[in-house]
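> My structure is in input-v8.txt, and what it holds is compact mmCIF, N, CA and C atoms:
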```txt
# COMPACT_ATOMS: atom_id res chain seq x y z
N MET Q 234 11.53 -113.09 92.05
CA MET Q 234 12.54 -112.21 92.56
C MET Q 234 12.02 -111.48 93.81
N PHE Q 235 10.78 -110.98 93.73
CA PHE Q 235 10.20 -110.21 94.83
C PHE Q 235 10.19 -111.02 96.11
N LEU Q 236 9.68 -112.24 96.03
CA LEU Q 236 9.57 -113.07 97.23
C LEU Q 236 10.94 -113.47 97.77
N PHE Q 237 11.91 -113.68 96.87
CA PHE Q 237 13.28 -113.97 97.30
C PHE Q 237 13.83 -112.80 98.13
N VAL Q 238 13.66 -111.59 97.62
CA VAL Q 238 14.15 -110.40 98.31
C VAL Q 238 13.46 -110.25 99.66
N ILE Q 239 12.14 -110.44 99.68
CA ILE Q 239 11.38 -110.32 100.94
C ILE Q 239 11.85 -111.36 101.95
N LYS Q 240 12.05 -112.59 101.48
CA LYS Q 240 12.40 -113.69 102.39
C LYS Q 240 13.82 -113.57 102.92
N TYR Q 241 14.78 -113.28 102.04
CA TYR Q 241 16.17 -113.34 102.44
C TYR Q 241 16.82 -111.98 102.69
N LEU Q 242 16.24 -110.94 102.15
CA LEU Q 242 16.82 -109.61 102.31
C LEU Q 242 15.84 -108.62 102.93
N GLY Q 243 14.76 -109.14 103.49
CA GLY Q 243 13.71 -108.30 104.05
C GLY Q 243 14.20 -107.34 105.13
N PHE Q 244 15.26 -107.71 105.81
CA PHE Q 244 15.80 -106.83 106.85
C PHE Q 244 16.28 -105.50 106.27
N LEU Q 245 16.55 -105.46 104.97
CA LEU Q 245 17.02 -104.23 104.33
C LEU Q 245 15.94 -103.15 104.27
N LYS Q 246 14.67 -103.55 104.46
CA LYS Q 246 13.59 -102.57 104.40
C LYS Q 246 13.70 -101.52 105.51
N PHE Q 247 14.48 -101.83 106.52
CA PHE Q 247 14.63 -100.89 107.62
C PHE Q 247 15.65 -99.79 107.32
N ILE Q 248 16.31 -99.89 106.17
CA ILE Q 248 17.20 -98.82 105.74
C ILE Q 248 16.33 -97.78 105.03
N PRO Q 249 16.27 -96.57 105.56
CA PRO Q 249 15.36 -95.55 105.01
C PRO Q 249 15.54 -95.38 103.50
N GLY Q 250 14.41 -95.44 102.80
CA GLY Q 250 14.39 -95.19 101.36
C GLY Q 250 14.70 -96.39 100.49
N LEU Q 251 15.25 -97.45 101.04
CA LEU Q 251 15.65 -98.60 100.22
C LEU Q 251 14.44 -99.32 99.62
N GLY Q 252 13.35 -99.40 100.37
CA GLY Q 252 12.14 -100.03 99.83
C GLY Q 252 11.60 -99.29 98.63
N VAL Q 253 11.67 -97.98 98.67
CA VAL Q 253 11.20 -97.16 97.55
C VAL Q 253 12.12 -97.36 96.33
N VAL Q 254 13.42 -97.46 96.58
CA VAL Q 254 14.37 -97.72 95.48
C VAL Q 254 14.10 -99.09 94.87
N PHE Q 255 13.88 -100.10 95.72
CA PHE Q 255 13.57 -101.44 95.22
C PHE Q 255 12.31 -101.42 94.38
N ASP Q 256 11.29 -100.70 94.83
CA ASP Q 256 10.05 -100.62 94.07
C ASP Q 256 10.27 -99.93 92.73
N ALA Q 257 11.16 -98.94 92.68
CA ALA Q 257 11.49 -98.28 91.41
C ALA Q 257 12.12 -99.29 90.45
N TRP Q 258 12.95 -100.19 90.97
CA TRP Q 258 13.54 -101.23 90.12
C TRP Q 258 12.46 -102.18 89.62
N LEU Q 259 11.47 -102.49 90.46
CA LEU Q 259 10.35 -103.31 90.01
C LEU Q 259 9.61 -102.63 88.86
N LYS Q 260 9.44 -101.34 88.98
CA LYS Q 260 8.75 -100.57 87.94
C LYS Q 260 9.54 -100.62 86.63
N ILE Q 261 10.84 -100.43 86.71
CA ILE Q 261 11.70 -100.51 85.52
C ILE Q 261 11.61 -101.90 84.89
N TRP Q 262 11.62 -102.94 85.72
CA TRP Q 262 11.50 -104.32 85.26
C TRP Q 262 10.19 -104.52 84.48
N GLU Q 263 9.11 -103.99 85.00
CA GLU Q 263 7.81 -104.11 84.33
C GLU Q 263 7.83 -103.41 82.97
N VAL Q 264 8.44 -102.23 82.90
CA VAL Q 264 8.53 -101.48 81.65
C VAL Q 264 9.37 -102.24 80.63
N ILE Q 265 10.53 -102.72 81.05
CA ILE Q 265 11.44 -103.45 80.15
C ILE Q 265 10.76 -104.68 79.58
N ASN Q 266 10.00 -105.37 80.40
CA ASN Q 266 9.35 -106.61 79.95
C ASN Q 266 8.03 -106.37 79.23
N GLY Q 267 7.66 -105.10 79.06
CA GLY Q 267 6.48 -104.77 78.29
C GLY Q 267 5.17 -105.23 78.89
N ARG Q 268 5.15 -105.39 80.18
CA ARG Q 268 3.92 -105.81 80.84
C ARG Q 268 2.98 -104.62 81.01
N LYS Q 269 1.71 -104.92 81.12
CA LYS Q 269 0.70 -103.87 81.28
C LYS Q 269 0.40 -103.58 82.75
N THR Q 270 1.18 -104.14 83.64
CA THR Q 270 0.94 -104.00 85.07
C THR Q 270 0.80 -102.55 85.50
N LEU Q 271 1.68 -101.69 85.00
CA LEU Q 271 1.64 -100.29 85.42
C LEU Q 271 0.37 -99.60 84.92
N ASP Q 272 -0.13 -100.01 83.74
CA ASP Q 272 -1.41 -99.47 83.26
C ASP Q 272 -2.55 -99.91 84.18
N TYR Q 273 -2.52 -101.16 84.60
CA TYR Q 273 -3.56 -101.65 85.51
C TYR Q 273 -3.52 -100.88 86.83
N ILE Q 274 -2.31 -100.63 87.33
CA ILE Q 274 -2.18 -99.88 88.58
C ILE Q 274 -2.72 -98.46 88.40
N ASP Q 275 -2.40 -97.83 87.27
CA ASP Q 275 -2.93 -96.48 87.00
C ASP Q 275 -4.45 -96.48 86.96
N ASN Q 276 -5.04 -97.50 86.34
CA ASN Q 276 -6.50 -97.59 86.25
C ASN Q 276 -7.12 -97.80 87.63
N ILE Q 277 -6.49 -98.63 88.44
CA ILE Q 277 -6.98 -98.85 89.80
C ILE Q 277 -6.91 -97.55 90.59
N GLU Q 278 -5.79 -96.86 90.48
CA GLU Q 278 -5.63 -95.58 91.19
C GLU Q 278 -6.71 -94.59 90.78
N ALA Q 279 -6.96 -94.48 89.47
CA ALA Q 279 -7.97 -93.53 88.98
C ALA Q 279 -9.35 -93.86 89.53
N GLU Q 280 -9.68 -95.14 89.61
CA GLU Q 280 -10.99 -95.54 90.13
C GLU Q 280 -11.10 -95.30 91.63
N VAL Q 281 -10.12 -95.77 92.38
CA VAL Q 281 -10.20 -95.71 93.84
C VAL Q 281 -10.14 -94.26 94.33
N GLU Q 282 -9.40 -93.41 93.65
CA GLU Q 282 -9.33 -92.00 94.06
C GLU Q 282 -10.67 -91.27 93.94
N LYS Q 283 -11.62 -91.84 93.21
CA LYS Q 283 -12.95 -91.24 93.07
C LYS Q 283 -13.78 -91.44 94.35
N TRP Q 284 -13.41 -92.39 95.18
CA TRP Q 284 -14.20 -92.72 96.35
C TRP Q 284 -13.99 -91.66 97.43
N THR Q 285 -15.06 -91.31 98.10
CA THR Q 285 -15.03 -90.27 99.14
C THR Q 285 -14.03 -90.61 100.24
N GLY Q 286 -13.16 -89.66 100.53
CA GLY Q 286 -12.22 -89.80 101.64
C GLY Q 286 -10.93 -90.52 101.31
N ILE Q 287 -10.76 -90.97 100.07
CA ILE Q 287 -9.56 -91.71 99.68
C ILE Q 287 -8.46 -90.76 99.23
N THR Q 288 -7.28 -91.00 99.75
CA THR Q 288 -6.08 -90.31 99.27
C THR Q 288 -5.03 -91.37 98.95
N THR Q 289 -4.03 -90.97 98.19
CA THR Q 289 -2.94 -91.88 97.88
C THR Q 289 -1.63 -91.27 98.36
N SER Q 290 -0.68 -92.14 98.60
CA SER Q 290 0.65 -91.72 99.00
C SER Q 290 1.63 -92.82 98.59
N ILE Q 291 2.89 -92.55 98.78
CA ILE Q 291 3.91 -93.57 98.55
C ILE Q 291 4.01 -94.42 99.80
N HIS Q 292 3.93 -95.73 99.63
CA HIS Q 292 4.04 -96.64 100.77
C HIS Q 292 5.47 -96.62 101.31
N LYS Q 293 5.62 -96.81 102.59
CA LYS Q 293 6.95 -96.70 103.20
C LYS Q 293 7.95 -97.72 102.67
N TYR Q 294 7.47 -98.83 102.09
CA TYR Q 294 8.37 -99.81 101.49
C TYR Q 294 8.25 -99.82 99.97
N GLY Q 295 7.69 -98.75 99.42
CA GLY Q 295 7.56 -98.62 97.97
C GLY Q 295 6.18 -99.03 97.49
N GLY Q 296 5.75 -98.41 96.43
CA GLY Q 296 4.45 -98.71 95.87
C GLY Q 296 3.46 -97.59 96.16
N LEU Q 297 2.27 -97.78 95.68
CA LEU Q 297 1.18 -96.82 95.81
C LEU Q 297 0.28 -97.24 96.96
N GLN Q 298 0.11 -96.36 97.93
CA GLN Q 298 -0.71 -96.66 99.11
C GLN Q 298 -2.04 -95.93 99.02
N PHE Q 299 -3.13 -96.64 99.36
CA PHE Q 299 -4.46 -96.07 99.41
C PHE Q 299 -4.84 -95.86 100.88
N ASN Q 300 -5.29 -94.66 101.19
CA ASN Q 300 -5.63 -94.30 102.56
C ASN Q 300 -7.08 -93.84 102.65
N LEU Q 301 -7.72 -94.21 103.74
CA LEU Q 301 -9.03 -93.69 104.09
C LEU Q 301 -8.82 -92.94 105.39
N GLY Q 302 -8.78 -91.62 105.29
CA GLY Q 302 -8.39 -90.82 106.44
C GLY Q 302 -6.94 -91.12 106.77
N ARG Q 303 -6.70 -91.52 108.01
CA ARG Q 303 -5.33 -91.83 108.43
C ARG Q 303 -5.03 -93.33 108.39
N ARG Q 304 -5.99 -94.11 107.91
CA ARG Q 304 -5.85 -95.57 107.89
C ARG Q 304 -5.48 -96.06 106.48
N GLU Q 305 -4.50 -96.94 106.42
CA GLU Q 305 -4.13 -97.55 105.14
C GLU Q 305 -5.11 -98.67 104.80
N LEU Q 306 -5.68 -98.60 103.58
CA LEU Q 306 -6.53 -99.69 103.10
C LEU Q 306 -5.68 -100.79 102.48
N GLY Q 307 -4.61 -100.37 101.81
CA GLY Q 307 -3.75 -101.32 101.13
C GLY Q 307 -2.76 -100.57 100.27
N HIS Q 308 -1.89 -101.34 99.63
CA HIS Q 308 -0.91 -100.73 98.74
C HIS Q 308 -0.58 -101.70 97.62
N ILE Q 309 -0.15 -101.14 96.50
CA ILE Q 309 0.23 -101.94 95.33
C ILE Q 309 1.69 -101.68 95.02
N HIS Q 310 2.48 -102.74 95.01
CA HIS Q 310 3.87 -102.63 94.59
C HIS Q 310 3.90 -102.58 93.06
N SER Q 311 4.98 -102.09 92.50
CA SER Q 311 5.05 -101.87 91.05
C SER Q 311 5.09 -103.16 90.23
N ASN Q 312 5.22 -104.31 90.88
CA ASN Q 312 5.12 -105.57 90.15
C ASN Q 312 3.69 -106.10 90.14
N GLY Q 313 2.74 -105.30 90.65
CA GLY Q 313 1.34 -105.69 90.64
C GLY Q 313 0.88 -106.43 91.88
N LEU Q 314 1.68 -106.46 92.92
CA LEU Q 314 1.28 -107.13 94.15
C LEU Q 314 0.47 -106.18 95.03
N LEU Q 315 -0.79 -106.51 95.22
CA LEU Q 315 -1.68 -105.74 96.09
C LEU Q 315 -1.66 -106.38 97.47
N ASP Q 316 -1.29 -105.59 98.46
CA ASP Q 316 -1.35 -106.02 99.86
C ASP Q 316 -2.40 -105.17 100.54
N MET Q 317 -3.29 -105.81 101.28
CA MET Q 317 -4.33 -105.03 101.95
C MET Q 317 -4.83 -105.73 103.20
N LEU Q 318 -5.41 -104.91 104.07
CA LEU Q 318 -5.90 -105.40 105.35
C LEU Q 318 -7.41 -105.54 105.33
N LEU Q 319 -7.85 -106.74 105.68
CA LEU Q 319 -9.27 -107.04 105.88
C LEU Q 319 -9.40 -107.67 107.26
N SER Q 320 -10.59 -108.05 107.63
CA SER Q 320 -10.72 -108.81 108.87
C SER Q 320 -10.26 -110.24 108.60
N ARG Q 321 -9.90 -110.95 109.64
CA ARG Q 321 -9.46 -112.34 109.46
C ARG Q 321 -10.58 -113.20 108.89
N LYS Q 322 -11.81 -112.89 109.27
CA LYS Q 322 -12.97 -113.64 108.77
C LYS Q 322 -13.13 -113.44 107.27
N ILE Q 323 -13.06 -112.20 106.81
CA ILE Q 323 -13.19 -111.93 105.37
C ILE Q 323 -12.02 -112.54 104.62
N LYS Q 324 -10.83 -112.43 105.18
CA LYS Q 324 -9.65 -113.04 104.55
C LYS Q 324 -9.86 -114.53 104.36
N GLN Q 325 -10.31 -115.21 105.39
CA GLN Q 325 -10.52 -116.66 105.32
C GLN Q 325 -11.56 -117.01 104.25
N GLN Q 326 -12.65 -116.24 104.20
CA GLN Q 326 -13.68 -116.49 103.19
C GLN Q 326 -13.11 -116.33 101.78
N LEU Q 327 -12.35 -115.26 101.56
CA LEU Q 327 -11.77 -115.02 100.25
C LEU Q 327 -10.79 -116.12 99.85
N MET Q 328 -9.99 -116.56 100.79
CA MET Q 328 -9.02 -117.61 100.49
C MET Q 328 -9.70 -118.93 100.16
N GLU Q 329 -10.83 -119.20 100.79
CA GLU Q 329 -11.57 -120.42 100.51
C GLU Q 329 -12.31 -120.34 99.18
N GLU Q 330 -12.85 -119.15 98.87
CA GLU Q 330 -13.66 -118.97 97.67
C GLU Q 330 -12.84 -118.71 96.41
N ASP Q 331 -11.69 -118.07 96.56
CA ASP Q 331 -10.93 -117.64 95.40
C ASP Q 331 -9.45 -117.94 95.62
N GLY Q 332 -8.90 -118.84 94.87
CA GLY Q 332 -7.52 -119.27 95.04
C GLY Q 332 -6.48 -118.21 94.71
N ARG Q 333 -6.90 -117.08 94.17
CA ARG Q 333 -5.95 -116.03 93.82
C ARG Q 333 -5.51 -115.22 95.03
N VAL Q 334 -6.32 -115.19 96.06
CA VAL Q 334 -5.99 -114.44 97.27
C VAL Q 334 -5.10 -115.30 98.15
N GLN Q 335 -4.00 -114.72 98.62
CA GLN Q 335 -3.03 -115.46 99.41
C GLN Q 335 -2.80 -114.77 100.75
N HIS Q 336 -2.18 -115.51 101.66
CA HIS Q 336 -1.70 -114.89 102.90
C HIS Q 336 -0.71 -113.80 102.52
N HIS Q 337 -0.66 -112.74 103.30
CA HIS Q 337 0.34 -111.70 103.10
C HIS Q 337 1.73 -112.33 103.26
N HIS Q 338 2.67 -111.87 102.47
CA HIS Q 338 4.01 -112.47 102.46
C HIS Q 338 4.75 -112.32 103.79
N SER Q 339 4.37 -111.35 104.62
CA SER Q 339 5.03 -111.18 105.92
C SER Q 339 4.11 -111.43 107.11
N PHE Q 340 2.82 -111.11 106.97
CA PHE Q 340 1.89 -111.19 108.09
C PHE Q 340 0.84 -112.27 107.84
N LYS Q 341 1.26 -113.52 107.89
CA LYS Q 341 0.38 -114.64 107.55
C LYS Q 341 -0.78 -114.81 108.54
N ASN Q 342 -0.54 -114.59 109.81
CA ASN Q 342 -1.56 -114.80 110.84
C ASN Q 342 -2.28 -113.51 111.20
N SER Q 343 -2.72 -112.81 110.17
CA SER Q 343 -3.42 -111.54 110.37
C SER Q 343 -4.51 -111.43 109.31
N GLY Q 344 -5.14 -110.28 109.22
CA GLY Q 344 -6.14 -110.04 108.19
C GLY Q 344 -5.53 -109.56 106.88
N TRP Q 345 -4.21 -109.41 106.83
CA TRP Q 345 -3.54 -108.94 105.61
C TRP Q 345 -3.55 -110.03 104.55
N ILE Q 346 -3.85 -109.62 103.30
CA ILE Q 346 -3.82 -110.53 102.16
C ILE Q 346 -2.87 -109.97 101.09
N SER Q 347 -2.48 -110.85 100.18
CA SER Q 347 -1.72 -110.46 99.01
C SER Q 347 -2.44 -111.00 97.79
N PHE Q 348 -2.41 -110.23 96.72
CA PHE Q 348 -3.07 -110.61 95.47
C PHE Q 348 -2.28 -110.02 94.31
N TYR Q 349 -1.90 -110.86 93.35
CA TYR Q 349 -1.15 -110.40 92.19
C TYR Q 349 -2.08 -109.97 91.06
N ILE Q 350 -1.82 -108.78 90.53
CA ILE Q 350 -2.59 -108.24 89.41
C ILE Q 350 -1.79 -108.55 88.14
N LYS Q 351 -2.34 -109.45 87.31
CA LYS Q 351 -1.62 -109.89 86.11
C LYS Q 351 -2.34 -109.54 84.82
N ASP Q 352 -3.66 -109.34 84.90
CA ASP Q 352 -4.42 -109.05 83.69
C ASP Q 352 -5.62 -108.16 84.03
N GLU Q 353 -6.43 -107.88 83.03
CA GLU Q 353 -7.55 -106.96 83.23
C GLU Q 353 -8.58 -107.49 84.23
N ALA Q 354 -8.81 -108.80 84.20
CA ALA Q 354 -9.74 -109.40 85.16
C ALA Q 354 -9.22 -109.24 86.58
N ASP Q 355 -7.91 -109.41 86.76
CA ASP Q 355 -7.31 -109.21 88.08
C ASP Q 355 -7.43 -107.76 88.52
N MET Q 356 -7.30 -106.84 87.56
CA MET Q 356 -7.45 -105.41 87.87
C MET Q 356 -8.85 -105.16 88.44
N ASP Q 357 -9.85 -105.71 87.78
CA ASP Q 357 -11.23 -105.54 88.25
C ASP Q 357 -11.43 -106.16 89.63
N PHE Q 358 -10.84 -107.33 89.83
CA PHE Q 358 -10.96 -108.01 91.12
C PHE Q 358 -10.25 -107.20 92.21
N ALA Q 359 -9.09 -106.61 91.88
CA ALA Q 359 -8.36 -105.77 92.84
C ALA Q 359 -9.21 -104.58 93.26
N ILE Q 360 -9.91 -103.98 92.31
CA ILE Q 360 -10.80 -102.86 92.63
C ILE Q 360 -11.90 -103.33 93.58
N SER Q 361 -12.45 -104.51 93.32
CA SER Q 361 -13.52 -105.01 94.20
C SER Q 361 -12.96 -105.34 95.60
N LEU Q 362 -11.74 -105.83 95.68
CA LEU Q 362 -11.12 -106.07 96.98
C LEU Q 362 -10.91 -104.76 97.73
N LEU Q 363 -10.42 -103.75 97.03
CA LEU Q 363 -10.23 -102.45 97.67
C LEU Q 363 -11.56 -101.85 98.10
N ARG Q 364 -12.61 -102.06 97.30
CA ARG Q 364 -13.95 -101.58 97.66
C ARG Q 364 -14.42 -102.28 98.93
N MET Q 365 -14.13 -103.58 99.03
CA MET Q 365 -14.50 -104.35 100.21
C MET Q 365 -13.79 -103.78 101.45
N ALA Q 366 -12.51 -103.49 101.32
CA ALA Q 366 -11.76 -102.91 102.44
C ALA Q 366 -12.27 -101.53 102.77
N TYR Q 367 -12.61 -100.76 101.74
CA TYR Q 367 -13.15 -99.42 101.92
C TYR Q 367 -14.43 -99.47 102.73
N GLU Q 368 -15.34 -100.34 102.34
CA GLU Q 368 -16.62 -100.47 103.05
C GLU Q 368 -16.40 -100.97 104.47
N HIS Q 369 -15.47 -101.90 104.64
CA HIS Q 369 -15.17 -102.46 105.96
C HIS Q 369 -14.62 -101.38 106.91
N HIS Q 370 -13.71 -100.57 106.40
CA HIS Q 370 -13.05 -99.58 107.25
C HIS Q 370 -13.81 -98.26 107.37
N LYS Q 371 -14.80 -98.09 106.50
CA LYS Q 371 -15.60 -96.85 106.53
C LYS Q 371 -16.55 -96.85 107.73
N LYS Q 372 -16.86 -98.01 108.25
CA LYS Q 372 -17.82 -98.13 109.36
C LYS Q 372 -17.38 -97.43 110.60
```
In structure tokens, how does this file's structure come out?


Amino acid sequence: MFLFVIKYLGFLKFIPGLGVVFDAWLKIWEVINGRKTLDYIDNIEAEVEKWTGITTSIHKYGGLQFNLGRRELGHIHSNGLLDMLLSRKIKQQLMEEDGRVQHHHSFKNSGWISFYIKDEADMDFAISLLRMAYEHHKK
């Protein structure tokens, strides 16, 4: 559903607040289906907020955004999709080494990646990806 909306209705994100409403529907969907995705997101937030200089906010298109100073490290949509910015070189290495990391759904020719958090192992991997971005952008 998420990718369908992004592909065919993505232009709607330019309507103020609609992305946040869509993300709220994703959250409700996760709750109804009894998935643990929201617990994983809460655990990731609790861990990443411990890192020096990290703040969180609501992403402009919905979801939880992680910031280092004024720079966005990445964000997690309520369906467990982590989008984050790395260098193109690191992105390429990750895509070659780990099939779970994908091109970002909108910015394929950039350092942005997408990764779905589906279970506890994915939660741990998401934390390590965010740590990698944190170290990269802290320089």

> Between Q:Phe247, Q:Ile323, Q:Tyr367, Q:Glu330, which has the minimum distance to Thr288 of chain Q (counting only C-alpha atoms)?

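With only C-alpha atoms as the atom set, the closest residue is Q:Tyr367.
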
> State, in Å with one decimal place, the distance from atom N of Ala354 of chain Q to atom CA of Ser311 of chain Q.

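Computed distance, atom N of Ala354 of chain Q to atom CA of Ser311 of chain Q, equals 16.9 Å.
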
> Can you tell me which residues surround segment 275-285 of chain Q at a distance of at most 8 Å, considering all atoms listed in the file, apart from same-chain residues fewer than 3 positions away, and format the answer as a count of residues only?

15

> Could you write out, as a ChimeraX atom specification, all the residues of segment 240-356 of chain Q that DSSP marks as alpha helix (DSSP H)?

/Q:240-242,251-265,270-281,321-330,353-356

> Could you take the residues named above and write them with N, CA and C atoms, as a compact mmCIF listing (two decimals), keeping the file's coordinate frame?


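File written: result15.txt
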```
# COMPACT_ATOMS: atom_id res chain seq x y z
N LYS Q 240 12.05 -112.59 101.48
CA LYS Q 240 12.40 -113.69 102.39
C LYS Q 240 13.82 -113.57 102.92
N TYR Q 241 14.78 -113.28 102.04
CA TYR Q 241 16.17 -113.34 102.44
C TYR Q 241 16.82 -111.98 102.69
N LEU Q 242 16.24 -110.94 102.15
CA LEU Q 242 16.82 -109.61 102.31
C LEU Q 242 15.84 -108.62 102.93
N LEU Q 251 15.25 -97.45 101.04
CA LEU Q 251 15.65 -98.60 100.22
C LEU Q 251 14.44 -99.32 99.62
N GLY Q 252 13.35 -99.40 100.37
CA GLY Q 252 12.14 -100.03 99.83
C GLY Q 252 11.60 -99.29 98.63
N VAL Q 253 11.67 -97.98 98.67
CA VAL Q 253 11.20 -97.16 97.55
C VAL Q 253 12.12 -97.36 96.33
N VAL Q 254 13.42 -97.46 96.58
CA VAL Q 254 14.37 -97.72 95.48
C VAL Q 254 14.10 -99.09 94.87
N PHE Q 255 13.88 -100.10 95.72
CA PHE Q 255 13.57 -101.44 95.22
C PHE Q 255 12.31 -101.42 94.38
N ASP Q 256 11.29 -100.70 94.83
CA ASP Q 256 10.05 -100.62 94.07
C ASP Q 256 10.27 -99.93 92.73
N ALA Q 257 11.16 -98.94 92.68
CA ALA Q 257 11.49 -98.28 91.41
C ALA Q 257 12.12 -99.29 90.45
N TRP Q 258 12.95 -100.19 90.97
CA TRP Q 258 13.54 -101.23 90.12
C TRP Q 258 12.46 -102.18 89.62
N LEU Q 259 11.47 -102.49 90.46
CA LEU Q 259 10.35 -103.31 90.01
C LEU Q 259 9.61 -102.63 88.86
N LYS Q 260 9.44 -101.34 88.98
CA LYS Q 260 8.75 -100.57 87.94
C LYS Q 260 9.54 -100.62 86.63
N ILE Q 261 10.84 -100.43 86.71
CA ILE Q 261 11.70 -100.51 85.52
C ILE Q 261 11.61 -101.90 84.89
N TRP Q 262 11.62 -102.94 85.72
CA TRP Q 262 11.50 -104.32 85.26
C TRP Q 262 10.19 -104.52 84.48
N GLU Q 263 9.11 -103.99 85.00
CA GLU Q 263 7.81 -104.11 84.33
C GLU Q 263 7.83 -103.41 82.97
N VAL Q 264 8.44 -102.23 82.90
CA VAL Q 264 8.53 -101.48 81.65
C VAL Q 264 9.37 -102.24 80.63
N ILE Q 265 10.53 -102.72 81.05
CA ILE Q 265 11.44 -103.45 80.15
C ILE Q 265 10.76 -104.68 79.58
N THR Q 270 1.18 -104.14 83.64
CA THR Q 270 0.94 -104.00 85.07
C THR Q 270 0.80 -102.55 85.50
N LEU Q 271 1.68 -101.69 85.00
CA LEU Q 271 1.64 -100.29 85.42
C LEU Q 271 0.37 -99.60 84.92
N ASP Q 272 -0.13 -100.01 83.74
CA ASP Q 272 -1.41 -99.47 83.26
C ASP Q 272 -2.55 -99.91 84.18
N TYR Q 273 -2.52 -101.16 84.60
CA TYR Q 273 -3.56 -101.65 85.51
C TYR Q 273 -3.52 -100.88 86.83
N ILE Q 274 -2.31 -100.63 87.33
CA ILE Q 274 -2.18 -99.88 88.58
C ILE Q 274 -2.72 -98.46 88.40
N ASP Q 275 -2.40 -97.83 87.27
CA ASP Q 275 -2.93 -96.48 87.00
C ASP Q 275 -4.45 -96.48 86.96
N ASN Q 276 -5.04 -97.50 86.34
CA ASN Q 276 -6.50 -97.59 86.25
C ASN Q 276 -7.12 -97.80 87.63
N ILE Q 277 -6.49 -98.63 88.44
CA ILE Q 277 -6.98 -98.85 89.80
C ILE Q 277 -6.91 -97.55 90.59
N GLU Q 278 -5.79 -96.86 90.48
CA GLU Q 278 -5.63 -95.58 91.19
C GLU Q 278 -6.71 -94.59 90.78
N ALA Q 279 -6.96 -94.48 89.47
CA ALA Q 279 -7.97 -93.53 88.98
C ALA Q 279 -9.35 -93.86 89.53
N GLU Q 280 -9.68 -95.14 89.61
CA GLU Q 280 -10.99 -95.54 90.13
C GLU Q 280 -11.10 -95.30 91.63
N VAL Q 281 -10.12 -95.77 92.38
CA VAL Q 281 -10.20 -95.71 93.84
C VAL Q 281 -10.14 -94.26 94.33
N ARG Q 321 -9.90 -110.95 109.64
CA ARG Q 321 -9.46 -112.34 109.46
C ARG Q 321 -10.58 -113.20 108.89
N LYS Q 322 -11.81 -112.89 109.27
CA LYS Q 322 -12.97 -113.64 108.77
C LYS Q 322 -13.13 -113.44 107.27
N ILE Q 323 -13.06 -112.20 106.81
CA ILE Q 323 -13.19 -111.93 105.37
C ILE Q 323 -12.02 -112.54 104.62
N LYS Q 324 -10.83 -112.43 105.18
CA LYS Q 324 -9.65 -113.04 104.55
C LYS Q 324 -9.86 -114.53 104.36
N GLN Q 325 -10.31 -115.21 105.39
CA GLN Q 325 -10.52 -116.66 105.32
C GLN Q 325 -11.56 -117.01 104.25
N GLN Q 326 -12.65 -116.24 104.20
CA GLN Q 326 -13.68 -116.49 103.19
C GLN Q 326 -13.11 -116.33 101.78
N LEU Q 327 -12.35 -115.26 101.56
CA LEU Q 327 -11.77 -115.02 100.25
C LEU Q 327 -10.79 -116.12 99.85
N MET Q 328 -9.99 -116.56 100.79
CA MET Q 328 -9.02 -117.61 100.49
C MET Q 328 -9.70 -118.93 100.16
N GLU Q 329 -10.83 -119.20 100.79
CA GLU Q 329 -11.57 -120.42 100.51
C GLU Q 329 -12.31 -120.34 99.18
N GLU Q 330 -12.85 -119.15 98.87
CA GLU Q 330 -13.66 -118.97 97.67
C GLU Q 330 -12.84 -118.71 96.41
N GLU Q 353 -6.43 -107.88 83.03
CA GLU Q 353 -7.55 -106.96 83.23
C GLU Q 353 -8.58 -107.49 84.23
N ALA Q 354 -8.81 -108.80 84.20
CA ALA Q 354 -9.74 -109.40 85.16
C ALA Q 354 -9.22 -109.24 86.58
N ASP Q 355 -7.91 -109.41 86.76
CA ASP Q 355 -7.31 -109.21 88.08
C ASP Q 355 -7.43 -107.76 88.52
N MET Q 356 -7.30 -106.84 87.56
CA MET Q 356 -7.45 -105.41 87.87
C MET Q 356 -8.85 -105.16 88.44
```

> Taking all atoms listed in the file into account, which of Q:His338, Q:Trp345, Q:Ile261, Q:Gly307 comes nearest Arg321 of chain Q?

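Once distances to Arg321 of chain Q are computed over all atoms listed in the file, the minimum belongs to Q:Trp345.
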
> Could you please determine the separation between atom N of His292 of chain Q and atom CA of Glu263 of chain Q in Å, to one decimal place?

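These atoms are spaced 17.9 Å apart.
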
> Quick one: of Q:Lys322, Q:Arg303, Q:His369, Q:His310, who's nearest to Asp256 of chain Q, counting all atoms listed in the file?

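Using all atoms listed in the file, Asp256 of chain Q sits closest to Q:His310.
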
> Could you check the closest approach to Leu306 of chain Q for each of Q:Val254, Q:His337, Q:Glu368, Q:Ile265 and tell me which residue wins, using only C-alpha atoms?

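Closest residue, counting only C-alpha atoms: Q:Glu368.
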
> Atom CA of Ser347 of chain Q to atom N of Leu259 of chain Q: how many Å, to one decimal?

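Pair atom CA of Ser347 of chain Q / atom N of Leu259 of chain Q returns 17.6 Å.
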
> Let me have the centre and edge lengths of the axis-aligned box enclosing all listed atoms of segment 349-362 of chain Q with 3 Å padding on every side, in Å to one decimal, as lines of an AutoDock Vina configuration file.


```
center_x = -7.3
center_y = -106.9
center_z = 90.4
size_x = 18.4
size_y = 14.0
size_z = 20.7
```

> For Ile346 of chain Q, which residue out of Q:Ile309, Q:Leu297, Q:Leu327, Q:Leu315 is the nearest one, using only N, CA and C atoms?

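Comparing Q:Ile309, Q:Leu297, Q:Leu327, Q:Leu315 against Ile346 of chain Q, the winner is Q:Leu315.
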
> Would you pick out the contacts of Ile350 of chain Q at 5 Å or less, using only N, CA and C atoms, so that residues sharing its chain but fewer than 2 positions from it are not included, and give the list as a list in words?

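Here the answer would be Gly313, Leu314, Phe348, Asp352 and Asp355 of chain Q.
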
> Considering only C-alpha atoms, can you say which of Q:Ser361, Q:Ser343, Q:Ser290, Q:Asn266 comes closest to Leu319 of chain Q?

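Smallest separation from Leu319 of chain Q among the options: Q:Ser343.
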
> Enumerate, as a list in words, the complete set of residues in chain Q that a backbone-based DSSP assignment places in strand (DSSP E or B).

Ile287, Thr288, Thr289, Ser290, Ile291, Leu297, Gln298, Phe299, Asn300, Leu301, Arg304, Glu305, Leu306, Gly307, His308, Ile309, Leu314, Leu315, Asp316, Met317, Leu318, Gln335, His336, Trp345, Ile346, Ser347, Phe348 and Tyr349 of chain Q
